[in-house]
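S.K.: Sharing target.txt here; it has compact mmCIF, C-alpha atoms.
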```txt
# COMPACT_ATOMS: atom_id res chain seq x y z
CA MET A 246 0.00 0.00 0.00
CA ASP A 247 1.33 3.44 -0.97
CA VAL A 248 0.97 5.18 2.40
CA ALA A 249 2.11 8.57 1.10
CA ALA A 250 -0.53 8.55 -1.63
CA LEU A 251 -3.19 7.35 0.79
CA GLU A 252 -2.29 10.06 3.29
CA ARG A 253 -2.51 12.64 0.52
CA ARG A 254 -5.96 11.46 -0.52
CA VAL A 255 -7.23 11.38 3.05
CA ARG A 256 -5.83 14.82 3.82
CA THR A 257 -7.26 16.43 0.70
CA LEU A 258 -10.41 14.26 0.43
CA SER A 259 -9.56 13.95 -3.24
CA GLY A 260 -9.52 10.69 -5.18
CA ILE A 261 -11.24 8.97 -2.26
CA ILE A 262 -14.76 8.23 -1.03
CA PRO A 263 -15.28 10.80 1.79
CA PRO A 264 -17.04 10.07 5.09
CA PRO A 265 -20.44 11.62 4.17
CA VAL A 266 -20.73 9.40 1.10
CA VAL A 267 -19.63 6.32 3.05
CA SER A 268 -22.30 7.07 5.64
CA ARG A 269 -24.86 7.48 2.87
CA LEU A 270 -23.88 4.16 1.32
CA LEU A 271 -24.35 2.34 4.61
CA GLU A 272 -27.56 4.20 5.36
CA LEU A 273 -29.05 2.98 2.09
CA GLY A 274 -27.91 -0.60 2.60
CA HIS A 275 -24.91 -0.73 0.25
CA GLU A 276 -22.75 -2.67 2.71
CA GLU A 277 -21.26 -4.91 0.03
CA GLN A 278 -19.96 -1.89 -1.85
CA VAL A 279 -18.40 -0.45 1.31
CA ALA A 280 -16.77 -3.79 2.13
CA PHE A 281 -15.47 -4.13 -1.43
CA GLN A 282 -14.01 -0.62 -1.47
CA ALA A 283 -12.45 -1.16 1.97
CA GLY A 284 -10.24 -3.80 0.36
CA ARG A 285 -9.23 -1.45 -2.46
CA GLY A 286 -7.53 1.27 -0.42
CA GLU A 287 -10.60 3.29 0.49
CA TRP A 288 -9.71 4.24 4.05
CA PHE A 289 -13.01 5.75 5.15
CA CYS A 290 -14.82 2.66 3.87
CA ALA A 291 -12.39 0.45 5.77
CA LEU A 292 -12.82 2.42 8.98
CA GLU A 293 -16.61 2.42 8.94
CA TRP A 294 -16.78 -1.22 7.85
CA ALA A 295 -14.46 -2.21 10.70
CA ARG A 296 -16.58 -0.28 13.18
CA LEU A 297 -19.71 -1.96 11.87
CA LEU A 298 -18.18 -5.44 12.08
CA GLY A 299 -16.89 -4.79 15.58
CA GLY A 300 -20.32 -3.64 16.68
CA ARG A 301 -21.71 -6.93 15.42
CA GLY A 302 -19.26 -8.94 17.49
CA ARG A 303 -17.00 -9.73 14.53
CA GLN A 304 -13.90 -8.12 15.99
CA GLU A 305 -11.36 -10.37 14.28
CA ASP A 306 -12.95 -9.67 10.91
CA ALA A 307 -12.77 -5.97 11.70
CA LEU A 308 -9.05 -6.21 12.46
CA GLU A 309 -8.50 -8.03 9.17
CA VAL A 310 -10.12 -5.11 7.36
CA LEU A 311 -7.72 -2.66 9.00
CA ALA A 312 -4.64 -4.89 8.75
CA PRO A 313 -3.43 -3.67 5.32
CA TYR A 314 -3.57 -0.07 6.55
CA VAL A 315 -1.92 -0.77 9.91
CA ALA A 316 0.83 -3.05 8.57
CA PRO A 317 2.92 -0.29 6.94
CA GLY A 318 2.76 1.76 10.13
CA TRP A 319 0.35 4.41 8.87
CA TRP A 320 -0.41 6.36 12.04
CA THR A 321 -3.97 7.27 11.13
CA ALA A 322 -4.87 3.59 10.91
CA VAL A 323 -2.85 2.65 13.99
CA ARG A 324 -4.63 5.31 16.05
CA ALA A 325 -8.02 4.11 14.79
CA GLN A 326 -7.26 0.49 15.67
CA VAL A 327 -6.04 1.48 19.12
CA GLY A 328 -9.36 3.23 19.67
CA LEU A 329 -11.38 0.26 18.49
CA LEU A 330 -9.44 -2.19 20.66
CA GLU A 331 -10.03 0.05 23.67
CA ASP A 332 -13.74 0.31 22.85
CA TRP A 333 -13.92 -3.49 22.72
CA GLY A 334 -12.26 -3.81 26.14
CA ARG A 335 -9.04 -5.21 24.69
CA VAL A 336 -6.88 -2.67 26.49
CA GLU A 337 -3.67 -4.71 26.67
CA GLU A 338 -3.72 -5.15 22.91
CA ALA A 339 -4.35 -1.45 22.44
CA VAL A 340 -1.39 -0.58 24.67
CA ALA A 341 0.84 -3.10 22.92
CA LEU A 342 -0.05 -1.63 19.53
CA ALA A 343 0.52 1.98 20.61
CA ARG A 344 3.69 1.46 22.62
CA PRO A 345 6.29 1.15 19.79
CA TYR A 346 5.02 4.34 18.16
CA ALA A 347 5.20 6.22 21.47
CA ARG A 348 8.99 5.97 21.33
CA GLY A 349 8.86 8.85 18.85
CA GLY A 350 7.44 11.10 21.57
CA GLY A 351 5.02 13.92 20.79
CA PHE A 352 1.36 13.20 20.10
CA LYS A 353 2.02 9.46 19.77
CA LEU A 354 3.37 9.30 23.31
CA GLU A 355 0.44 11.44 24.42
CA LEU A 356 -2.01 8.93 22.99
CA LEU A 357 -0.36 6.10 24.92
CA ALA A 358 -0.20 8.13 28.13
CA ARG A 359 -3.89 9.04 27.99
CA LEU A 360 -4.77 5.43 27.19
CA LEU A 361 -2.82 4.19 30.21
CA ALA A 362 -4.33 6.86 32.48
CA ARG A 363 -7.89 5.99 31.45
CA HIS A 364 -7.30 2.46 32.65
CA GLY A 365 -5.73 3.14 36.03
CA ARG A 366 -2.12 3.02 34.91
CA LEU A 367 -1.18 6.67 35.33
CA GLY A 368 1.98 5.69 37.19
CA GLU A 369 3.38 4.15 34.02
CA ALA A 370 2.72 7.28 32.01
CA VAL A 371 3.88 10.07 34.33
CA PRO A 372 7.67 9.50 34.13
CA HIS A 373 7.59 9.64 30.35
CA LEU A 374 5.38 12.72 30.28
CA ILE A 375 7.81 14.43 32.66
CA ALA A 376 10.72 13.43 30.43
CA GLY A 377 8.88 14.99 27.50
CA ILE A 378 7.73 18.14 29.28
CA GLU A 379 9.36 20.37 26.67
CA ASP A 380 6.63 19.28 24.27
CA PRO A 381 3.53 21.49 24.86
CA GLY A 382 1.14 18.62 24.16
CA LEU A 383 2.88 16.30 26.61
CA ALA A 384 3.12 19.03 29.25
CA THR A 385 -0.60 19.69 28.88
CA ALA A 386 -1.39 15.98 29.16
CA LEU A 387 0.79 15.76 32.26
CA VAL A 388 -1.13 18.54 34.01
CA GLU A 389 -4.54 17.25 32.92
CA LEU A 390 -3.97 13.61 33.76
CA THR A 391 -2.44 14.20 37.20
CA GLU A 392 -5.34 16.21 38.62
CA GLY A 393 -6.15 14.69 41.99
CA ALA A 394 -3.13 12.38 41.89
CA GLY A 395 -1.15 14.27 44.53
CA LEU A 396 1.66 15.20 42.17
CA ASP A 397 1.06 18.93 41.86
CA GLU A 398 4.02 19.95 44.04
CA GLU A 399 6.31 17.72 41.98
CA ILE A 400 5.13 19.08 38.63
CA ALA A 401 4.78 22.78 39.50
CA PRO A 402 8.55 23.45 39.84
CA LEU A 403 9.19 21.82 36.46
CA LEU A 404 6.80 24.29 34.85
CA ALA A 405 8.07 27.26 36.86
CA ALA A 406 11.60 26.54 35.64
CA ARG A 407 10.38 27.13 32.09
CA ILE A 408 9.06 30.62 32.76
CA PRO A 409 12.03 32.98 32.25
CA VAL A 410 11.77 36.19 34.26
CA GLY A 411 11.11 39.23 32.10
CA HIS A 412 11.30 37.39 28.77
CA ARG A 413 8.73 38.11 26.07
CA CYS A 414 8.50 36.24 22.79
CA GLU A 415 8.38 38.91 20.11
CA GLU A 416 8.22 36.61 17.09
CA PRO A 417 6.86 33.16 16.21
CA TRP A 418 8.95 30.21 17.34
CA CYS A 419 11.08 32.43 19.59
CA CYS A 420 10.96 29.74 22.25
CA ARG A 421 10.95 26.25 20.81
CA GLY A 422 9.28 23.50 22.76
CA LEU A 423 7.30 24.57 25.83
CA ASP A 424 6.95 28.34 25.48
CA PRO A 425 6.62 30.58 28.56
CA ASP A 426 2.96 31.47 27.99
CA THR A 427 1.95 27.80 27.82
CA ALA A 428 3.99 27.04 30.94
CA ILE A 429 2.30 29.94 32.75
CA GLY A 430 -1.13 28.68 31.76
CA LEU A 431 -0.40 25.15 32.92
CA LEU A 432 1.11 26.30 36.22
CA ALA A 433 -1.93 28.51 36.78
CA ARG A 434 -4.20 25.47 36.30
CA ILE A 435 -2.28 23.68 39.02
CA ARG A 436 -2.51 26.64 41.38
CA GLU A 437 -6.24 26.96 40.75
CA ARG A 438 -6.96 23.34 41.57
CA GLN A 439 -4.84 23.72 44.71
CA GLY A 440 -7.14 26.53 45.75
CA ARG A 441 -4.40 29.14 45.34
CA ILE A 442 -6.60 31.37 43.21
CA ASP A 443 -4.78 34.66 43.73
CA GLU A 444 -1.49 33.07 42.67
CA ALA A 445 -3.15 31.66 39.54
CA ILE A 446 -4.60 35.07 38.67
CA ALA A 447 -1.27 36.80 39.22
CA LEU A 448 0.46 34.27 36.98
CA LEU A 449 -2.04 34.73 34.16
CA HIS A 450 -1.59 38.49 34.29
CA THR A 451 2.04 37.94 33.24
CA ARG A 452 1.19 36.28 29.92
CA HIS A 453 2.20 37.94 26.67
CA ILE A 454 -0.52 36.28 24.56
CA THR A 455 -3.78 36.41 26.49
CA SER A 456 -6.15 34.67 24.09
CA VAL A 457 -5.72 31.33 22.32
CA SER A 458 -8.29 29.83 19.94
CA GLY A 459 -10.91 32.32 21.00
CA ARG A 460 -10.57 31.62 24.74
CA ASP A 461 -8.94 33.63 27.50
CA GLN A 462 -7.83 31.47 30.41
CA LEU A 463 -7.83 34.33 32.91
CA ALA A 464 -11.34 35.37 31.92
CA ASP A 465 -12.51 31.78 32.30
CA LEU A 466 -10.89 31.54 35.75
CA LEU A 467 -12.44 34.79 36.96
CA ALA A 468 -15.83 33.64 35.67
CA ARG A 469 -15.57 30.27 37.43
CA GLN A 470 -14.77 32.10 40.67
CA HIS A 471 -17.61 34.62 40.07
CA ARG A 472 -15.17 37.49 40.49
CA ILE A 473 -17.33 39.67 38.30
CA ASP A 474 -15.84 43.06 39.14
CA GLU A 475 -12.32 41.82 38.33
CA LEU A 476 -13.56 40.21 35.14
CA ARG A 477 -15.31 43.44 34.13
CA ALA A 478 -12.13 45.45 34.65
CA TYR A 479 -10.03 42.88 32.82
CA ALA A 480 -12.44 42.79 29.89
CA CYS A 481 -12.05 46.54 29.42
CA SER A 482 -8.29 46.05 29.02
CA GLN A 483 -8.50 43.34 26.37
CA PRO A 484 -8.97 44.47 22.74
CA HIS A 485 -9.70 41.01 21.32
CA GLY A 486 -13.09 40.88 23.09
CA HIS A 487 -12.94 37.32 24.40
CA ALA A 488 -12.95 38.42 28.04
CA ALA A 489 -15.99 40.61 27.37
CA GLN A 490 -17.67 37.66 25.70
CA ARG A 491 -17.01 35.51 28.78
CA LEU A 492 -18.34 38.24 31.08
CA ALA A 493 -21.52 38.60 29.05
CA GLY A 494 -21.92 34.81 28.99
CA LEU A 495 -21.60 34.62 32.77
CA LEU A 496 -24.17 37.37 33.30
CA GLU A 497 -26.54 35.61 30.91
CA GLU A 498 -26.08 32.35 32.85
CA LEU A 499 -26.96 34.23 36.04
CA GLY A 500 -30.12 35.62 34.44
CA ASP A 501 -28.85 39.19 34.16
CA ILE A 502 -29.77 39.66 30.51
CA ASP A 503 -29.70 43.45 30.64
CA GLY A 504 -26.26 43.31 32.20
CA ALA A 505 -25.04 41.02 29.42
CA ILE A 506 -26.45 43.36 26.77
CA ALA A 507 -24.77 46.30 28.48
CA VAL A 508 -21.40 44.55 28.26
CA TYR A 509 -21.66 44.26 24.49
CA ARG A 510 -22.85 47.86 24.19
CA HIS A 511 -20.02 49.24 26.32
CA PRO A 512 -17.77 51.56 24.26
CA ALA A 513 -14.72 49.43 25.11
CA HIS A 514 -16.23 46.36 23.45
CA ARG A 515 -18.77 47.58 20.95
CA SER A 516 -16.56 47.58 17.85
CA ARG A 517 -16.11 43.81 18.12
CA SER A 518 -19.31 42.62 19.74
CA GLU A 519 -22.25 43.30 17.40
CA SER A 520 -22.47 39.69 16.25
CA ASP A 521 -22.34 38.39 19.84
CA LEU A 522 -24.99 40.91 20.89
CA ALA A 523 -27.22 39.84 18.00
CA GLU A 524 -26.80 36.19 18.97
CA LEU A 525 -27.75 37.01 22.55
CA LEU A 526 -30.83 38.96 21.49
CA ALA A 527 -31.91 36.15 19.15
CA ARG A 528 -31.54 33.59 21.97
CA GLN A 529 -33.80 35.77 24.09
CA GLU A 530 -36.43 35.78 21.31
CA ARG A 531 -35.72 39.41 20.53
CA GLY A 532 -35.07 38.76 16.86
CA ASP A 533 -36.16 42.16 15.57
CA GLU A 534 -33.67 43.87 17.88
CA ALA A 535 -30.96 41.45 16.76
CA ILE A 536 -31.66 42.35 13.13
CA GLU A 537 -31.49 46.06 13.98
CA VAL A 538 -28.06 45.57 15.54
CA LEU A 539 -26.64 43.76 12.50
CA ARG A 540 -28.36 46.05 10.01
CA ALA A 541 -26.84 49.09 11.72
CA LEU A 542 -23.43 47.43 11.54
CA ALA A 543 -23.81 46.48 7.88
CA ASP A 544 -25.01 49.97 6.97
CA SER A 545 -22.14 51.71 8.75
CA PRO A 546 -19.20 52.94 6.63
CA GLY A 547 -17.11 49.88 5.81
CA GLY A 548 -19.38 47.73 7.93
CA ALA A 549 -20.81 45.42 5.27
CA ASP A 550 -18.13 42.77 5.66
CA ASP A 551 -18.99 39.36 4.26
CA TRP A 552 -19.52 37.87 7.72
CA ALA A 553 -21.90 40.66 8.73
CA VAL A 554 -23.98 40.33 5.56
CA ASP A 555 -24.09 36.56 5.92
CA ARG A 556 -25.18 36.75 9.55
CA LEU A 557 -27.76 39.44 8.84
CA CYS A 558 -29.37 37.51 6.00
CA THR A 559 -29.30 34.26 7.96
CA LEU A 560 -31.02 36.04 10.83
CA TYR A 561 -33.65 37.41 8.46
CA ALA A 562 -34.36 33.85 7.32
CA ASP A 563 -34.38 32.49 10.89
CA GLN A 564 -36.93 35.15 11.83
CA GLY A 565 -39.21 34.19 8.94
CA ARG A 566 -38.29 37.28 6.93
CA PRO A 567 -36.29 35.93 3.94
CA ALA A 568 -37.88 38.51 1.60
CA ASP A 569 -36.38 41.28 3.72
CA GLY A 570 -33.02 39.57 3.37
CA LEU A 571 -33.35 39.59 -0.41
CA ALA A 572 -34.39 43.23 -0.32
CA TYR A 573 -31.27 44.06 1.65
CA LEU A 574 -29.04 42.24 -0.85
CA ASP A 575 -30.65 44.30 -3.60
CA THR A 576 -29.34 47.47 -1.93
CA LEU A 577 -25.72 46.35 -2.23
CA PRO A 578 -23.44 47.30 -5.15
CA ALA A 579 -23.44 44.98 -8.15
CA ASP A 580 -19.98 43.66 -7.28
CA ARG A 581 -21.32 42.43 -3.91
CA ALA A 582 -23.61 39.75 -5.31
CA PHE A 583 -23.52 37.11 -2.51
CA PRO A 584 -24.94 34.38 -4.79
CA THR A 585 -24.96 31.74 -2.05
CA LEU A 586 -27.05 33.88 0.29
CA ARG A 587 -29.35 34.94 -2.51
CA LEU A 588 -30.10 31.34 -3.51
CA ARG A 589 -30.82 30.33 0.08
CA LEU A 590 -33.17 33.26 0.60
CA MET A 591 -34.96 32.65 -2.69
CA ALA A 592 -35.61 29.06 -1.68
CA ALA A 593 -36.78 30.18 1.75
CA CYS A 594 -39.27 32.46 -0.01
CA GLY A 595 -40.70 29.46 -1.88
CA ARG A 596 -38.99 30.44 -5.12
CA LEU A 597 -37.07 27.19 -5.56
CA ASP A 598 -37.57 26.94 -9.33
CA GLU A 599 -36.33 30.48 -9.74
CA ALA A 600 -33.30 29.61 -7.61
CA VAL A 601 -32.61 26.63 -9.86
CA ALA A 602 -32.75 28.85 -12.95
CA SER A 603 -30.38 31.35 -11.33
CA ALA A 604 -27.93 28.62 -10.39
CA ARG A 605 -27.92 27.30 -13.95
CA ALA A 606 -27.32 30.77 -15.37
CA ASP A 607 -24.52 31.79 -13.00
CA PRO A 608 -21.31 29.70 -13.18
CA TYR A 609 -20.20 31.20 -9.86
CA ALA A 610 -23.38 30.31 -8.00
CA ALA A 611 -23.26 27.74 -5.22
CA ALA A 612 -25.32 25.24 -7.16
CA TRP A 613 -24.76 22.58 -4.52
CA ILE A 614 -27.02 24.53 -2.16
CA VAL A 615 -29.87 24.48 -4.63
CA SER A 616 -29.21 20.81 -5.40
CA ASP A 617 -29.57 19.95 -1.71
CA LEU A 618 -32.83 21.86 -1.56
CA LEU A 619 -34.07 19.99 -4.63
CA ALA A 620 -33.12 16.68 -3.05
CA GLU A 621 -34.93 17.61 0.16
CA ALA A 622 -37.99 18.31 -1.97
CA GLY A 623 -37.74 14.83 -3.51
CA ARG A 624 -36.39 16.17 -6.82
CA THR A 625 -33.05 14.37 -6.71
CA GLU A 626 -32.88 13.74 -10.47
CA GLU A 627 -33.12 17.50 -11.00
CA ALA A 628 -30.42 18.02 -8.37
CA VAL A 629 -28.09 15.71 -10.30
CA ALA A 630 -28.87 17.40 -13.61
CA LEU A 631 -28.15 20.83 -12.12
CA LEU A 632 -24.72 19.81 -10.79
CA GLU A 633 -23.80 17.97 -13.98
CA SER A 634 -24.68 21.07 -16.00
CA GLN A 635 -21.93 22.94 -14.15
CA GLY A 636 -19.34 20.18 -14.50
CA ALA A 637 -19.42 16.96 -12.53
CA ASP A 638 -15.98 17.45 -10.96
CA LEU A 639 -16.86 20.88 -9.60
CA HIS A 640 -19.29 19.51 -7.01
CA ARG A 641 -18.22 15.88 -7.02
CA THR A 642 -18.86 15.04 -3.34
CA CYS A 643 -22.33 16.56 -3.35
CA LEU A 644 -23.12 15.00 -6.72
CA ALA A 645 -21.88 11.60 -5.58
CA GLY A 646 -24.20 11.73 -2.59
CA HIS A 647 -27.19 12.37 -4.84
CA LEU A 648 -26.12 9.58 -7.20
CA VAL A 649 -25.99 7.15 -4.28
CA THR A 650 -29.50 8.22 -3.29
CA LEU A 651 -30.64 7.32 -6.80
CA GLY A 652 -28.91 3.95 -6.61
CA ARG A 653 -26.22 4.89 -9.14
CA VAL A 654 -23.48 3.72 -6.81
CA GLU A 655 -20.84 2.69 -9.36
CA GLN A 656 -21.12 6.06 -11.10
CA ALA A 657 -20.71 7.86 -7.77
CA VAL A 658 -17.62 5.87 -6.85
CA GLU A 659 -16.03 6.37 -10.26
CA LEU A 660 -16.62 10.12 -10.02
CA LEU A 661 -14.91 10.34 -6.65
CA GLN A 662 -11.95 8.08 -7.40
CA ARG A 663 -10.88 9.69 -10.65
CA HIS A 664 -9.75 12.91 -8.97
CA GLU A 665 -6.23 12.06 -7.75
CA PRO A 666 -4.55 14.92 -5.83
CA GLU A 667 -1.12 16.23 -6.74
CA PRO A 668 1.81 15.16 -4.52
CA PHE A 669 2.54 17.61 -1.72
CA VAL A 670 6.11 18.86 -1.32
CA PRO A 671 6.69 20.51 2.08
CA VAL A 672 8.60 23.79 2.10
CA TRP A 673 10.11 23.22 5.53
CA SER A 674 11.25 19.85 6.82
CA GLY A 675 12.29 20.66 10.37
CA THR A 676 10.50 19.84 13.61
CA PHE A 677 8.67 21.96 16.13
CA ALA A 678 8.88 19.53 19.03
CA THR A 679 11.69 17.82 20.87
CA ASP A 680 12.09 14.16 19.99
CA HIS A 681 11.60 12.23 23.22
CA THR A 682 12.79 8.72 22.56
CA ALA A 683 14.33 7.78 25.87
CA GLY A 684 12.52 5.92 28.58
CA VAL A 685 9.30 5.19 26.77
CA PRO A 686 7.45 2.24 28.32
CA SER A 687 8.60 -1.02 26.79
```
Output the structure of this file as structure tokens.
M.R.:
Amino acid sequence: MDVAALERRVRTLSGIIPPPVVSRLLELGHEEQVAFQAGRGEWFCALEWARLLGGRGRQEDALEVLAPYVAPGWWTAVRAQVGLLEDWGRVEEAVALARPYARGGGFKLELLARLLARHGRLGEAVPHLIAGIEDPGLATALVELTEGAGLDEEIAPLLAARIPVGHRCEEPWCCRGLDPDTAIGLLARIRERQGRIDEAIALLHTRHITSVSGRDQLADLLARQHRIDELRAYACSQPHGHAAQRLAGLLEELGDIDGAIAVYRHPAHRSRSESDLAELLARQERGDEAIEVLRALADSPGGADDWAVDRLCTLYADQGRPADGLAYLDTLPADRAFPTLRLRLMAACGRLDEAVASARADPYAAAWIVSDLLAEAGRTEEAVALLESQGADLHRTCLAGHLVTLGRVEQAVELLQRHEPEPFVPVWSGTFATDHTAGVPS
């Protein structure tokens, strides 16, 4: 099996039967086709077929399905088989399969460590997580897995030693391995669970990067402790708005809806909070007010960003006012066509046939949206014809799903498999994590 080519197809979902189509095949009873394709290098077919067999008590047959993918050491397949073995209660086999790969450290060692910890064998994992503490993922796993294990005072100094006094990372990859901000966050988690809240707060105030993936750890901590005044002051100092979002969310949880609205309308947050305010108003069944908020934003100079227009029109539709959404789109300049939104709103207005005609006439229209609406209306043949009129390869996954619905399985499979992705050549071949190969459980 050409693992590199398989990895490329799985990563790009090109030249392969993707998960939604596999699910559709099984849903419509085409198990034989899924089983057949599983033996021909179709990974998602193999995975779902193995899960199905395992659920029917045919575990050995399931392992045979995965064997050609696991044999060359392809990590995606190894990880999947480890998960299945664990689900079946065959933990020792899962550990034995994962252990050799864990010698490479990083996320492979993390998988083994979490597996061991889930089954009462944390003591086996901790020494190796400590040895790999320079890896952010392993350090995070170490802190998470040892909660309540009485090891906080052993781990805390290891993290503190990786927080240089006065150092700030001014560029990406300044500090390789466990960067100071991550170490601060992990040490703060330990202090919080020890009940040393003020120390945790003080630590988090020393971070350089305060928000990661849309979350602010200090804001979350202050919210959990119901230190609302401190959270309010902190939110006013943070330009990204995530602390304000957490404050408003807390007030909403406490039933203070007016207070939550006031947070979003505060001058310190308002430039970044219209969408959140609209969502809050909509949740409170104040849809007309939510629309007013987004309409005011979209009508402001430079305010009609794509996300704002999309949210406004979606809200119009959710409030049963799709015609108003279309009317708004008509006010925009000709170069701001938003064909996807327009088609959705036309269909919501009961103008499905007109939407179909528009999709056929406009090569840039999102015809797949109209095709799905046609299929929902029981007009799947028309959905297929629409997509084929724009070029089968352009919407191949969506088209394949409709073909499966019509029972044209071989045609769907051929369409998907003929689109082989180009080989990927990485620009940089270094590593971002330390290679921890010593001392892995054996």
S.K.: Which of these residues is nearest to A:Gly260, using all atoms listed in the file: A:Glu524, A:Glu287, A:Glu277, A:Glu519?
M.R.: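 Selected residue with least distance to A:Gly260: A:Glu287.
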S.K.: If we count all atoms listed in the file and set the cut-off at 12 Å, which residues sit around A:Arg581, ignoring sequence neighbours fewer than 3 positions away in its own chain? Please answer as a list of chain:residue names.
M.R.: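 Contacts, in chain order: A:Ala549, A:Asp550, A:Asp551, A:Val554, A:Asp555, A:Tyr573, A:Leu574, A:Asp575, A:Thr576, A:Leu577, A:Pro578, A:Pro584, A:Thr585, A:Leu586, A:Arg587.
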S.K.: Nearest to A:Arg436 among A:Pro409, A:Pro546, A:Gly302, A:Pro402, with distances taken over only C-alpha atoms: which residue is it?
M.R.: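 So, comparing all the options, the nearest one is A:Pro402.
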S.K.: Could you list, as an mmCIF file with C-alpha atoms, in the frame of the given file, every residue within 7 Å of stretch 530-540 of chain A, counting all atoms listed in the file and ignoring same-chain residues fewer than 4 positions away?
M.R.:
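Saved result, result.cif, follows:
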```cif
data_model
loop_
_atom_site.group_PDB
_atom_site.id
_atom_site.type_symbol
_atom_site.label_atom_id
_atom_site.label_comp_id
_atom_site.auth_asym_id
_atom_site.auth_seq_id
_atom_site.Cartn_x
_atom_site.Cartn_y
_atom_site.Cartn_z
ATOM 1 C CA GLU A 519 -22.250 43.300 17.400
ATOM 2 C CA SER A 520 -22.470 39.690 16.250
ATOM 3 C CA ALA A 523 -27.220 39.840 18.000
ATOM 4 C CA LEU A 526 -30.830 38.960 21.490
ATOM 5 C CA ASP A 544 -25.010 49.970 6.970
ATOM 6 C CA ALA A 553 -21.900 40.660 8.730
ATOM 7 C CA LEU A 557 -27.760 39.440 8.840
ATOM 8 C CA LEU A 560 -31.020 36.040 10.830
ATOM 9 C CA GLN A 564 -36.930 35.150 11.830
#
```
S.K.: Please produce, as a Markdown table, a per-residue contact table for stretch 323-377 of chain A versus stretch 304-314 of chain A (criterion: any atom at most 9 Å away, only C-alpha atoms considered), showing the nearest atom pair and its distance in Å to one decimal, sorted by chain then residue number.
M.R.:
```
| residue | atom | partner | partner_atom | distance |
| --- | --- | --- | --- | --- |
| A:Val323 | CA | A:Tyr314 | CA | 8.0 |
| A:Ala325 | CA | A:Leu311 | CA | 8.9 |
| A:Gln326 | CA | A:Leu311 | CA | 7.4 |
| A:Leu330 | CA | A:Gln304 | CA | 8.8 |
| A:Trp333 | CA | A:Gln304 | CA | 8.2 |
```
S.K.: As a compact mmCIF listing (two decimals) with C-alpha atoms, in the frame of the given file, please: the residues near stretch 497-513 of chain A (cut-off 6 Å, only C-alpha atoms, same-chain neighbours under 5 positions excluded).
M.R.:
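Once written, out.txt looks like this:
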```txt
# COMPACT_ATOMS: atom_id res chain seq x y z
CA CYS A 481 -12.05 46.54 29.42
CA SER A 518 -19.31 42.62 19.74
CA LEU A 522 -24.99 40.91 20.89
```
S.K.: May I ask which of the residues A:Asp474, A:Asp521, A:Glu379, A:Glu392 is the closest one to A:Thr427, counting all atoms listed in the file?
M.R.: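 Nearest candidate to A:Thr427 out of A:Asp474, A:Asp521, A:Glu379, A:Glu392: A:Glu379.
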S.K.: What is the atom CA of A:Ala628 to atom CA of A:Arg641 distance in Å?
M.R.: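 Atom-to-atom, atom CA of A:Ala628 and atom CA of A:Arg641 are spaced 12.5 Å apart.
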S.K.: For a quick check of understanding, using all atoms listed in the file, which of A:Leu651, A:Leu542, A:Ala630, A:Leu367 has the smallest distance to A:Leu396?
M.R.: A:Leu367
S.K.: Please provide the set of residues having any atom within 10 Å of A:Pro317, restricted to all atoms listed in the file, with same-chain residues fewer than 6 positions apart removed, written as a PyMOL selection string.
M.R.: chain A and resi 246-248+323
S.K.: Would you mind listing what lies within 9 Å of A:Ala358 as number ranges by chain, with all atoms listed in the file counted and same-chain residues fewer than 5 positions away left out?
M.R.: A: 347, 353, 363, 366-367, 369-371, 373-374, 383, 386-387, 390
S.K.: Smallest atom-to-atom distance to A:Ala291: which of A:Leu496, A:Pro264, A:Leu273, A:Leu648, using all atoms listed in the file?
M.R.: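 When distances to A:Ala291 are compared using all atoms listed in the file, the smallest one comes from A:Pro264.
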